[in-house]
$ cat work27.tsv   # TSV, C-alpha atoms and all ligand atoms
chain	number	residue	atom	x	y	z
J	1	MET	CA	-10.06	-2.82	-92.66
J	2	ILE	CA	-9.51	-4.68	-89.39
J	3	ASP	CA	-5.94	-5.93	-89.23
J	4	PHE	CA	-4.98	-9.27	-87.84
J	5	VAL	CA	-2.45	-7.74	-85.46
J	6	ASP	CA	-1.72	-4.08	-84.78
J	7	LEU	CA	1.86	-3.54	-83.70
J	8	GLN	CA	1.54	0.15	-84.59
J	9	ALA	CA	-1.09	0.71	-81.89
J	10	GLU	CA	1.10	-1.12	-79.40
J	11	PHE	CA	4.09	1.02	-80.36
J	12	GLU	CA	2.12	4.23	-79.84
J	13	GLN	CA	1.47	3.15	-76.26
J	14	ILE	CA	5.15	2.52	-75.47
J	15	ASP	CA	6.89	4.83	-77.96
J	16	ASP	CA	8.62	7.10	-75.41
J	17	GLU	CA	9.82	4.28	-73.19
J	18	VAL	CA	11.16	2.29	-76.12
J	19	GLN	CA	12.98	5.28	-77.60
J	20	GLU	CA	14.55	5.97	-74.22
J	21	ALA	CA	15.60	2.32	-73.81
J	22	ILE	CA	17.18	2.26	-77.26
J	23	ARG	CA	18.91	5.57	-76.70
J	24	SER	CA	20.41	4.34	-73.48
J	25	VAL	CA	21.81	1.20	-75.13
J	26	LEU	CA	23.30	3.32	-77.90
J	27	ALA	CA	24.80	5.68	-75.33
J	28	SER	CA	26.36	2.73	-73.47
J	29	GLN	CA	27.80	1.21	-76.67
J	30	ARG	CA	27.30	-2.25	-75.15
J	31	PHE	CA	25.56	-4.34	-77.78
J	32	VAL	CA	25.94	-7.96	-76.71
J	33	GLN	CA	26.18	-9.78	-73.34
J	34	GLY	CA	25.53	-6.56	-71.43
J	35	PRO	CA	23.34	-5.41	-68.55
J	36	GLU	CA	20.03	-5.27	-70.46
J	37	CYS	CA	20.28	-8.95	-71.36
J	38	SER	CA	21.13	-9.98	-67.78
J	39	ARG	CA	18.34	-7.83	-66.41
J	40	PHE	CA	15.84	-9.30	-68.83
J	41	GLU	CA	16.99	-12.83	-68.00
J	42	ARG	CA	16.50	-12.23	-64.27
J	43	ARG	CA	13.12	-10.64	-64.75
J	44	PHE	CA	11.84	-13.19	-67.26
J	45	ALA	CA	12.92	-16.08	-65.02
J	46	ALA	CA	10.99	-14.46	-62.16
J	47	TYR	CA	7.99	-13.95	-64.43
J	48	VAL	CA	7.90	-17.60	-65.49
J	49	GLY	CA	8.84	-18.82	-62.01
J	50	THR	CA	12.04	-20.67	-62.90
J	51	ASP	CA	15.52	-20.27	-61.42
J	52	HIS	CA	17.06	-19.47	-64.79
J	53	ALA	CA	16.29	-17.79	-68.09
J	54	ILE	CA	18.89	-17.57	-70.84
J	55	GLY	CA	18.33	-15.15	-73.70
J	56	VAL	CA	18.95	-16.47	-77.21
J	57	ASN	CA	18.51	-15.34	-80.78
J	58	SER	CA	15.07	-16.80	-81.53
J	59	GLY	CA	12.51	-19.35	-80.46
J	60	SER	CA	13.89	-21.72	-83.08
J	61	ASP	CA	17.36	-21.48	-81.55
J	62	ALA	CA	15.86	-21.96	-78.09
J	63	LEU	CA	14.41	-25.32	-79.17
J	64	ARG	CA	17.53	-26.44	-81.00
J	65	ILE	CA	19.85	-25.52	-78.12
J	66	ALA	CA	17.47	-27.09	-75.59
J	67	LEU	CA	17.54	-30.46	-77.34
J	68	GLY	CA	21.31	-30.31	-77.81
J	69	SER	CA	21.91	-29.50	-74.16
J	70	LEU	CA	19.96	-32.64	-73.21
J	71	ASP	CA	22.24	-34.63	-75.55
J	72	ILE	CA	19.31	-35.59	-77.74
J	73	GLY	CA	20.60	-36.60	-81.15
J	74	VAL	CA	21.13	-39.40	-83.64
J	75	GLY	CA	19.11	-42.52	-82.86
J	76	ASP	CA	16.68	-40.74	-80.56
J	77	GLU	CA	12.99	-40.21	-81.17
J	78	VAL	CA	11.19	-37.09	-80.01
J	79	ILE	CA	7.40	-36.99	-79.74
J	80	LEU	CA	5.70	-33.79	-80.84
J	81	PRO	CA	2.52	-32.56	-82.51
J	82	SER	CA	2.36	-32.07	-86.27
J	83	HIS	CA	-0.17	-29.29	-85.74
J	84	THR	CA	2.39	-26.60	-84.85
J	85	PHE	CA	4.72	-24.09	-86.45
J	86	VAL	CA	7.36	-25.98	-88.45
J	87	ALA	CA	10.18	-24.68	-86.21
J	88	THR	CA	9.23	-27.17	-83.49
J	89	ALA	CA	9.94	-30.11	-85.81
J	90	ASN	CA	12.94	-28.51	-87.51
J	91	ALA	CA	14.70	-28.30	-84.13
J	92	VAL	CA	14.32	-32.06	-83.69
J	93	VAL	CA	15.75	-32.80	-87.12
J	94	HIS	CA	18.60	-30.31	-86.65
J	95	ALA	CA	19.47	-32.08	-83.40
J	96	GLY	CA	19.84	-35.29	-85.46
J	97	ALA	CA	16.85	-37.02	-83.85
J	98	ASP	CA	13.72	-38.42	-85.51
J	99	PRO	CA	10.45	-36.56	-85.03
J	100	VAL	CA	7.50	-38.78	-84.10
J	101	PHE	CA	4.34	-36.84	-84.87
J	102	VAL	CA	1.32	-37.68	-82.75
J	103	ASP	CA	-2.25	-36.44	-82.76
J	104	ILE	CA	-3.87	-33.64	-80.82
J	105	ASP	CA	-6.92	-33.16	-78.65
J	106	PRO	CA	-9.44	-31.42	-80.94
J	107	ALA	CA	-10.73	-29.35	-78.02
J	108	THR	CA	-7.39	-27.72	-77.15
J	109	TYR	CA	-5.35	-28.28	-80.35
J	110	CYS	CA	-2.51	-29.44	-78.09
J	111	LEU	CA	-0.95	-32.92	-77.69
J	112	ASP	CA	-3.40	-35.72	-76.88
J	113	PRO	CA	-1.80	-37.53	-73.90
J	114	ASP	CA	-3.16	-40.92	-75.07
J	115	ALA	CA	-1.52	-40.42	-78.45
J	116	VAL	CA	1.72	-39.49	-76.70
J	117	ARG	CA	1.62	-42.71	-74.68
J	118	ASP	CA	1.01	-44.73	-77.85
J	119	GLY	CA	3.93	-43.00	-79.54
J	120	VAL	CA	6.54	-44.02	-76.96
J	121	THR	CA	9.09	-46.61	-78.15
J	122	ASP	CA	12.39	-47.75	-76.67
J	123	ARG	CA	14.10	-45.05	-78.73
J	124	THR	CA	11.99	-42.18	-77.36
J	125	THR	CA	14.01	-39.69	-75.34
J	126	ALA	CA	11.82	-36.59	-75.16
J	127	ILE	CA	8.36	-35.09	-75.59
J	128	ILE	CA	7.78	-31.56	-76.88
J	129	PRO	CA	4.36	-30.28	-75.85
J	130	VAL	CA	3.46	-27.10	-77.74
J	131	HIS	CA	1.19	-24.64	-75.93
J	132	LEU	CA	-0.46	-23.72	-79.19
J	133	TYR	CA	-2.40	-20.48	-79.67
J	134	GLY	CA	-1.68	-19.56	-76.02
J	135	GLN	CA	-3.53	-22.63	-74.69
J	136	PRO	CA	-1.57	-24.75	-72.19
J	137	ALA	CA	-1.13	-28.38	-73.20
J	138	ASP	CA	-2.47	-30.92	-70.69
J	139	MET	CA	0.80	-31.13	-68.75
J	140	GLN	CA	0.00	-33.50	-65.87
J	141	PRO	CA	-0.58	-36.64	-67.95
J	142	ILE	CA	2.33	-35.68	-70.20
J	143	LEU	CA	4.65	-35.33	-67.19
J	144	ASP	CA	3.39	-38.70	-65.90
J	145	ILE	CA	4.19	-40.40	-69.21
J	146	ALA	CA	7.62	-38.76	-69.19
J	147	SER	CA	8.40	-39.93	-65.70
J	148	ASP	CA	7.06	-43.48	-66.32
J	149	ASN	CA	9.34	-43.78	-69.34
J	150	ASP	CA	12.29	-41.67	-68.22
J	151	LEU	CA	11.84	-39.03	-70.92
J	152	PHE	CA	12.77	-35.36	-71.05
J	153	VAL	CA	10.07	-32.74	-71.51
J	154	VAL	CA	10.92	-29.62	-73.55
J	155	GLU	CA	8.01	-27.20	-73.67
J	156	ASP	CA	7.46	-25.07	-76.75
J	157	ALA	CA	5.92	-22.01	-75.12
J	158	ALA	CA	6.59	-19.70	-78.09
J	159	GLN	CA	2.91	-18.74	-78.25
J	160	ALA	CA	2.09	-18.78	-74.57
J	161	HIS	CA	3.96	-16.19	-72.49
J	162	GLY	CA	1.98	-15.84	-69.28
J	163	ALA	CA	-0.31	-18.84	-69.82
J	164	THR	CA	-0.77	-21.00	-66.74
J	165	TYR	CA	-1.79	-24.57	-65.93
J	166	ASP	CA	-2.68	-25.33	-62.31
J	167	GLU	CA	-1.61	-21.76	-61.54
J	168	LYS	CA	1.94	-22.40	-62.71
J	169	SER	CA	3.40	-20.72	-65.81
J	170	VAL	CA	3.96	-22.77	-68.91
J	171	GLY	CA	7.65	-23.25	-69.57
J	172	SER	CA	8.23	-24.14	-65.91
J	173	PHE	CA	6.90	-27.73	-66.05
J	174	GLY	CA	9.43	-29.50	-68.23
J	175	ASP	CA	13.18	-29.91	-68.01
J	176	ILE	CA	13.42	-26.89	-70.32
J	177	GLY	CA	10.93	-24.30	-71.60
J	178	CYS	CA	11.44	-22.41	-74.87
J	179	PHE	CA	10.07	-18.98	-75.71
J	180	SER	CA	10.09	-16.86	-78.86
J	181	PHE	CA	9.93	-13.06	-78.87
J	182	TYR	CA	9.21	-12.75	-82.57
J	183	PRO	CA	7.56	-9.32	-82.99
J	184	SER	CA	3.96	-10.55	-83.19
J	185	LYS	CA	4.14	-12.93	-80.20
J	186	ASN	CA	2.36	-11.91	-76.97
J	187	LEU	CA	5.75	-10.63	-75.80
J	188	GLY	CA	7.63	-9.52	-78.90
J	189	ALA	CA	10.94	-7.83	-79.60
J	190	TYR	CA	11.59	-5.55	-82.59
J	191	GLY	CA	13.43	-8.27	-84.44
J	192	ASP	CA	14.26	-11.88	-83.59
J	193	ALA	CA	14.77	-12.98	-79.99
J	194	GLY	CA	14.05	-15.93	-77.72
J	195	ALA	CA	14.71	-17.42	-74.30
J	196	ILE	CA	15.26	-20.76	-72.61
J	197	VAL	CA	14.05	-21.32	-69.05
J	198	THR	CA	15.00	-24.11	-66.66
J	199	GLU	CA	15.23	-25.02	-63.00
J	200	ASN	CA	18.34	-27.08	-63.58
J	201	ASP	CA	21.56	-25.25	-62.63
J	202	ASN	CA	23.84	-27.46	-64.73
J	203	LEU	CA	21.68	-27.17	-67.83
J	204	ALA	CA	21.45	-23.41	-67.38
J	205	ALA	CA	25.22	-23.08	-67.15
J	206	ARG	CA	25.70	-25.24	-70.22
J	207	ILE	CA	23.09	-23.37	-72.25
J	208	ALA	CA	24.56	-19.98	-71.28
J	209	LYS	CA	27.87	-21.14	-72.76
J	210	VAL	CA	26.45	-22.87	-75.83
J	211	ARG	CA	24.61	-19.75	-76.96
J	212	ASN	CA	27.98	-17.95	-76.98
J	213	GLN	CA	30.24	-20.35	-78.91
J	214	GLY	CA	30.51	-22.69	-75.91
J	215	GLU	CA	32.73	-20.18	-74.19
J	216	SER	CA	33.29	-20.49	-70.43
J	217	LYS	CA	35.79	-17.65	-70.18
J	218	LYS	CA	37.58	-15.71	-72.84
J	219	TYR	CA	39.40	-18.07	-75.27
J	220	TYR	CA	38.10	-21.25	-73.53
J	221	HIS	CA	35.39	-23.21	-75.35
J	222	ASP	CA	33.94	-26.09	-73.32
J	223	HIS	CA	31.11	-27.03	-75.66
J	224	LEU	CA	30.34	-26.96	-79.35
J	225	GLY	CA	28.47	-23.67	-79.39
J	226	TYR	CA	26.63	-21.24	-81.59
J	227	ASN	CA	26.29	-17.53	-81.87
J	228	SER	CA	22.80	-17.27	-80.48
J	229	ARG	CA	22.99	-14.31	-78.13
J	230	LEU	CA	20.12	-12.01	-77.22
J	231	ASP	CA	21.40	-8.57	-78.18
J	232	GLU	CA	21.16	-5.53	-75.91
J	233	LEU	CA	18.77	-3.54	-78.10
J	234	GLN	CA	16.24	-6.37	-78.20
J	235	ALA	CA	16.70	-7.06	-74.49
J	236	ALA	CA	16.12	-3.38	-73.67
J	237	ILE	CA	12.90	-3.40	-75.72
J	238	LEU	CA	11.80	-6.61	-74.02
J	239	ASN	CA	12.50	-5.03	-70.62
J	240	VAL	CA	10.04	-2.27	-71.51
J	241	LYS	CA	7.41	-4.60	-72.89
J	242	LEU	CA	7.58	-7.19	-70.10
J	243	ASP	CA	5.87	-4.65	-67.83
J	244	TYR	CA	2.88	-4.63	-70.14
J	245	LEU	CA	2.57	-8.34	-70.77
J	246	ASP	CA	0.00	-9.10	-68.06
J	247	THR	CA	-2.17	-6.12	-69.00
J	248	TRP	CA	-2.05	-7.03	-72.67
J	249	ASN	CA	-2.80	-10.70	-71.91
J	250	SER	CA	-5.78	-9.69	-69.75
J	251	ARG	CA	-7.10	-7.58	-72.59
J	252	ARG	CA	-6.73	-10.54	-74.97
J	253	ARG	CA	-8.73	-12.63	-72.50
J	254	GLU	CA	-11.46	-10.00	-72.26
J	255	ILE	CA	-11.74	-9.87	-76.04
J	256	ALA	CA	-11.89	-13.68	-76.14
J	257	SER	CA	-14.75	-13.71	-73.70
J	258	VAL	CA	-16.69	-11.15	-75.76
J	259	TYR	CA	-16.03	-13.22	-78.87
J	260	GLU	CA	-17.28	-16.29	-77.07
J	261	ASP	CA	-20.51	-14.56	-76.01
J	262	LEU	CA	-21.23	-13.10	-79.43
J	263	LEU	CA	-20.10	-15.82	-81.83
J	264	THR	CA	-23.04	-18.16	-82.02
J	265	SER	CA	-22.48	-19.97	-85.28
J	266	VAL	CA	-18.95	-21.38	-84.98
J	267	THR	CA	-16.95	-23.53	-82.55
J	268	THR	CA	-15.05	-21.23	-80.19
J	269	PRO	CA	-11.93	-22.16	-78.15
J	270	VAL	CA	-12.35	-24.03	-74.86
J	271	GLN	CA	-10.73	-22.99	-71.64
J	272	HIS	CA	-10.35	-25.47	-68.81
J	273	HIS	CA	-10.94	-24.28	-65.25
J	274	ASP	CA	-7.40	-24.95	-64.19
J	275	THR	CA	-5.77	-23.14	-67.12
J	276	ARG	CA	-5.22	-19.58	-68.21
J	277	HIS	CA	-5.30	-19.32	-72.00
J	278	VAL	CA	-3.53	-16.17	-73.25
J	279	TYR	CA	-5.04	-16.16	-76.75
J	280	HIS	CA	-1.97	-15.55	-78.83
J	281	LEU	CA	-4.43	-16.56	-81.53
J	282	TYR	CA	-8.20	-16.81	-81.43
J	283	VAL	CA	-9.01	-19.85	-83.51
J	284	ILE	CA	-12.56	-20.81	-84.40
J	285	ARG	CA	-13.74	-23.88	-86.27
J	286	THR	CA	-16.39	-24.17	-88.97
J	287	ASN	CA	-17.21	-26.51	-91.84
J	288	LYS	CA	-17.35	-23.65	-94.37
J	289	ARG	CA	-13.94	-22.25	-93.46
J	290	ASP	CA	-12.81	-21.09	-96.90
J	291	GLU	CA	-16.17	-19.43	-97.68
J	292	LEU	CA	-16.21	-17.73	-94.28
J	293	LYS	CA	-12.63	-16.53	-94.79
J	294	SER	CA	-13.48	-14.88	-98.11
J	295	HIS	CA	-16.74	-13.47	-96.75
J	296	LEU	CA	-14.77	-11.85	-93.92
J	297	ALA	CA	-12.19	-10.49	-96.36
J	298	ASP	CA	-15.06	-8.88	-98.31
J	299	GLN	CA	-16.22	-7.29	-95.06
J	300	GLY	CA	-12.73	-5.91	-94.37
J	301	VAL	CA	-11.83	-8.45	-91.69
J	302	HIS	CA	-8.36	-9.92	-92.12
J	303	THR	CA	-8.03	-13.55	-91.00
J	304	LEU	CA	-5.27	-16.17	-91.21
J	305	ILE	CA	-4.97	-19.95	-90.87
J	306	HIS	CA	-2.66	-21.47	-88.27
J	307	TYR	CA	-1.76	-23.78	-89.87
J	308	PRO	CA	-3.26	-24.91	-93.16
J	309	ILE	CA	-0.77	-27.74	-93.78
J	310	PRO	CA	0.39	-29.87	-90.85
J	311	VAL	CA	4.14	-30.45	-90.56
J	312	HIS	CA	3.94	-34.15	-91.44
J	313	GLU	CA	2.37	-33.18	-94.76
J	314	GLN	CA	5.08	-30.64	-95.64
J	315	ARG	CA	7.26	-31.94	-98.45
J	316	TYR	CA	10.47	-32.27	-96.48
J	317	TYR	CA	8.74	-34.27	-93.75
J	318	LYS	CA	6.39	-36.24	-95.97
J	319	GLU	CA	9.32	-37.68	-97.92
J	320	ARG	CA	11.05	-38.84	-94.73
J	321	TYR	CA	8.62	-39.45	-91.87
J	322	SER	CA	5.23	-41.09	-92.07
J	323	ALA	CA	2.35	-40.35	-89.75
J	324	ARG	CA	-1.41	-40.87	-89.72
J	325	LEU	CA	-3.08	-38.19	-87.68
J	326	PRO	CA	-6.85	-38.21	-88.24
J	327	THR	CA	-7.70	-35.36	-85.86
J	328	THR	CA	-4.95	-33.09	-87.16
J	329	GLU	CA	-5.89	-33.84	-90.76
J	330	ARG	CA	-9.58	-33.23	-90.05
J	331	ILE	CA	-9.27	-29.89	-88.24
J	332	VAL	CA	-6.79	-28.14	-90.55
J	333	ASP	CA	-9.56	-27.55	-93.11
J	334	LYS	CA	-11.90	-26.09	-90.49
J	335	ILE	CA	-9.77	-23.72	-88.41
J	336	LEU	CA	-9.67	-19.96	-88.86
J	337	SER	CA	-7.80	-17.36	-86.81
J	338	LEU	CA	-9.79	-14.18	-86.20
J	339	PRO	CA	-8.08	-10.84	-85.50
J	340	MET	CA	-6.70	-10.93	-81.95
J	341	HIS	CA	-4.55	-8.27	-80.30
J	342	PRO	CA	-4.92	-6.06	-77.22
J	343	PHE	CA	-5.84	-3.00	-79.27
J	344	LEU	CA	-9.04	-4.23	-80.89
J	345	ASP	CA	-11.81	-1.90	-79.77
J	346	ARG	CA	-15.55	-2.44	-79.23
J	347	HIS	CA	-16.40	-1.41	-82.77
J	348	ASP	CA	-13.84	-3.78	-84.29
J	349	ILE	CA	-15.15	-6.67	-82.22
J	350	ALA	CA	-18.76	-5.81	-83.09
J	351	GLN	CA	-17.92	-5.71	-86.79
J	352	ILE	CA	-15.99	-8.98	-86.68
J	353	THR	CA	-18.64	-10.90	-84.77
J	354	ARG	CA	-21.46	-9.44	-86.88
J	355	SER	CA	-19.67	-10.47	-90.06
J	356	VAL	CA	-19.15	-14.02	-88.80
J	357	ASN	CA	-22.75	-14.38	-87.63
J	358	ASP	CA	-24.16	-12.84	-90.84
J	359	PHE	CA	-22.34	-15.43	-92.86
J	360	ALA	CA	-23.99	-18.26	-90.93
J	361	GLN	CA	-27.42	-16.72	-91.54
J	362	THR	CA	-26.98	-16.23	-95.25
J	363	ARG	CA	-25.90	-19.86	-95.52
J	364	GLU	CA	-29.12	-21.22	-94.07
B	401	LIG	C1	7.16	-18.61	-83.27
B	401	LIG	C2	7.26	-20.05	-82.95
B	401	LIG	C3	8.49	-20.74	-82.92
B	401	LIG	C4	9.77	-20.15	-83.42
B	401	LIG	O1	10.12	-18.96	-82.88
B	401	LIG	P1	11.06	-17.95	-83.73
B	401	LIG	O2	11.42	-16.92	-82.70
B	401	LIG	O3	10.25	-17.42	-84.85
B	401	LIG	O4	12.24	-18.71	-84.20
B	401	LIG	C5	8.50	-22.06	-82.49
B	401	LIG	N1	7.37	-22.69	-82.14
B	401	LIG	C6	6.17	-22.08	-82.19
B	401	LIG	C7	4.96	-22.84	-81.78
B	401	LIG	C8	6.08	-20.75	-82.62
B	401	LIG	O5	4.87	-20.16	-82.68
$ encode --input "work27.tsv" --output "structure tokens" --more "lines below"
Ligand SMILES: *Cc1c(COP(=O)(O)O)cnc(C)c1O
Amino acid sequence: MIDFVDLQAEFEQIDDEVQEAIRSVLASQRFVQGPECSRFERRFAAYVGTDHAIGVNSGSDALRIALGSLDIGVGDEVILPSHTFVATANAVVHAGADPVFVDIDPATYCLDPDAVRDGVTDRTTAIIPVHLYGQPADMQPILDIASDNDLFVVEDAAQAHGATYDEKSVGSFGDIGCFSFYPSKNLGAYGDAGAIVTENDNLAARIAKVRNQGESKKYYHDHLGYNSRLDELQAAILNVKLDYLDTWNSRRREIASVYEDLLTSVTTPVQHHDTRHVYHLYVIRTNKRDELKSHLADQGVHTLIHYPIPVHEQRYYKERYSARLPTTERIVDKILSLPMHPFLDRHDIAQITRSVNDFAQTRE
């Protein structure tokens, strides 16, 4: 059986370092707002290339706090893709704003800039590009639309740690960038964790307070806050894993290029010259998706679908927000995520690609 992700193999590589990091947090008895969190924030900001990173509880919290810190709320519209994890949209609704779902570019699965432009109204206050699957959204036209219309840009980089566009890291283009460290992400904690990055000193100061009950100093609460702190154990684990991120991303890219060479019967992901895709997911497209998925299961290859039902078609959203998104609606029945993680070996890849190609032959 070839698993979709293999966190066990990853753990074997870093076991000793992780155990030592955990032990040292336990020995210190500092569990929140301690040195591991500050160290991770400094190092992650440097990694992304922003002045600030603020650790939070999850990627979902990162998005929700980001929108709140920009004072986005009731009466505002926020443009985002429907082809994303539901957390992106939930953050908009939790902020009190109305999500405006727009269509994607079928080549990249990320926001189609023309659709974004068409979606702007006089109530629009922000755009959330999602760097889906590890593929950077087409940021330049999106930034142009934002600046023409005086809109904020909040990047959802939950799937794209280390991805670049014009040699700059995703997360560093917008007013705020949001990351998730859910265990299976390219950089994952051993539990829930997330981070917010920004170049803006005032926003960073506000966000650092908001994630800790709005507290500026003990007993003083300047903002309506949350408990959304990044705890020391998770930060210590992230400090270990951050050192491996580039190596693991490079391995994902190598595997993607082997997949691309060997998979002859399905549509493989595109990569533009000026972008670095980090293949959080390796998503192919084929007309016989469901048959291929069950054929692969028979061959012991575990696949998933990201995502089978777009957000605007989920019951909560469908009852409240209407959208017509022909590209999104067309591709969701065709996409399939193949196993992708840095620990796939040659034999795994050979078996996966052979199984996919065999299927195409037997169909003819
Ligand atoms: C994982 C993910 C999130 C949410 O992150 P959590 O840490 O699970 O809350 C948001 N957006 C996208 C695109 C994601 O993949």
$ residues_around --input "work27.tsv" --residues "segment 256-263 of chain J" --least-positions-apart "4" --cutoff "10 Å" --atoms "all atoms listed in the file" --output "PyMOL selection string"
chain J and resi 250-252+267-270+277-279+281-282+284+338+340+346+349-350+352-357
$ closest_residue --input "work27.tsv" --among "J:Asp290, J:Asp175, J:Glu232, J:Asp61" --to "ligand LIG 401 (chain B)" --atoms "only C-alpha atoms and all ligand atoms"
J:Asp61
$ closest_residue --input "work27.tsv" --among "J:Thr275, J:Ser337, J:Asn227, J:Gln159" --to "ligand LIG 401 (chain B)" --atoms "only C-alpha atoms and all ligand atoms"
J:Gln159
$ closest_residue --input "work27.tsv" --among "J:Leu132, J:Leu233, J:Leu344, J:Leu67" --to "ligand LIG 401 (chain B)" --atoms "only C-alpha atoms and all ligand atoms"
J:Leu132
$ residues_around --input "work27.tsv" --residues "Asn202 of chain J" --least-positions-apart "5" --cutoff "10 Å" --atoms "all atoms listed in the file" --output "PyMOL selection string"
chain J and resi 69+207-208
$ residues_near_ligand --input "work27.tsv" --ligand "ligand LIG 401 (chain B)" --cutoff "9 Å" --atoms "all atoms listed in the file" --output "PyMOL selection string"
chain J and resi 57-63+84-89+91+130-133+156-160+178-185+192-194
$ closest_residue --input "work27.tsv" --among "J:Leu80, J:Ala189, J:Ala297, J:Val266" --to "Asp3 of chain J" --atoms "only C-alpha atoms"
J:Ala297
$ residues_near_point --input "work27.tsv" --point "(2.2, -2.9, -80.3)" --cutoff "12 Å" --atoms "all atoms listed in the file" --output "NGL selection string"
:J and (5-15 or 18 or 183-190 or 237 or 240-241 or 244-245 or 248 or 341-344)
$ residues_around --input "work27.tsv" --residues "Arg64 of chain J" --least-positions-apart "6" --cutoff "8 Å" --atoms "all atoms listed in the file" --output "PDB file with C-alpha atoms, in the frame of the given file"
ATOM      1  CA  ALA J  91      14.700 -28.300 -84.130  1.00  0.00           C
ATOM      2  CA  VAL J  92      14.320 -32.060 -83.690  1.00  0.00           C
ATOM      3  CA  HIS J  94      18.600 -30.310 -86.650  1.00  0.00           C
ATOM      4  CA  ALA J  95      19.470 -32.080 -83.400  1.00  0.00           C
TER       5      ALA J  95
END
$ closest_residue --input "work27.tsv" --among "J:Ser28, J:Glu167, J:Val332, J:Asp144" --to "Gly49 of chain J" --atoms "all atoms listed in the file"
J:Glu167
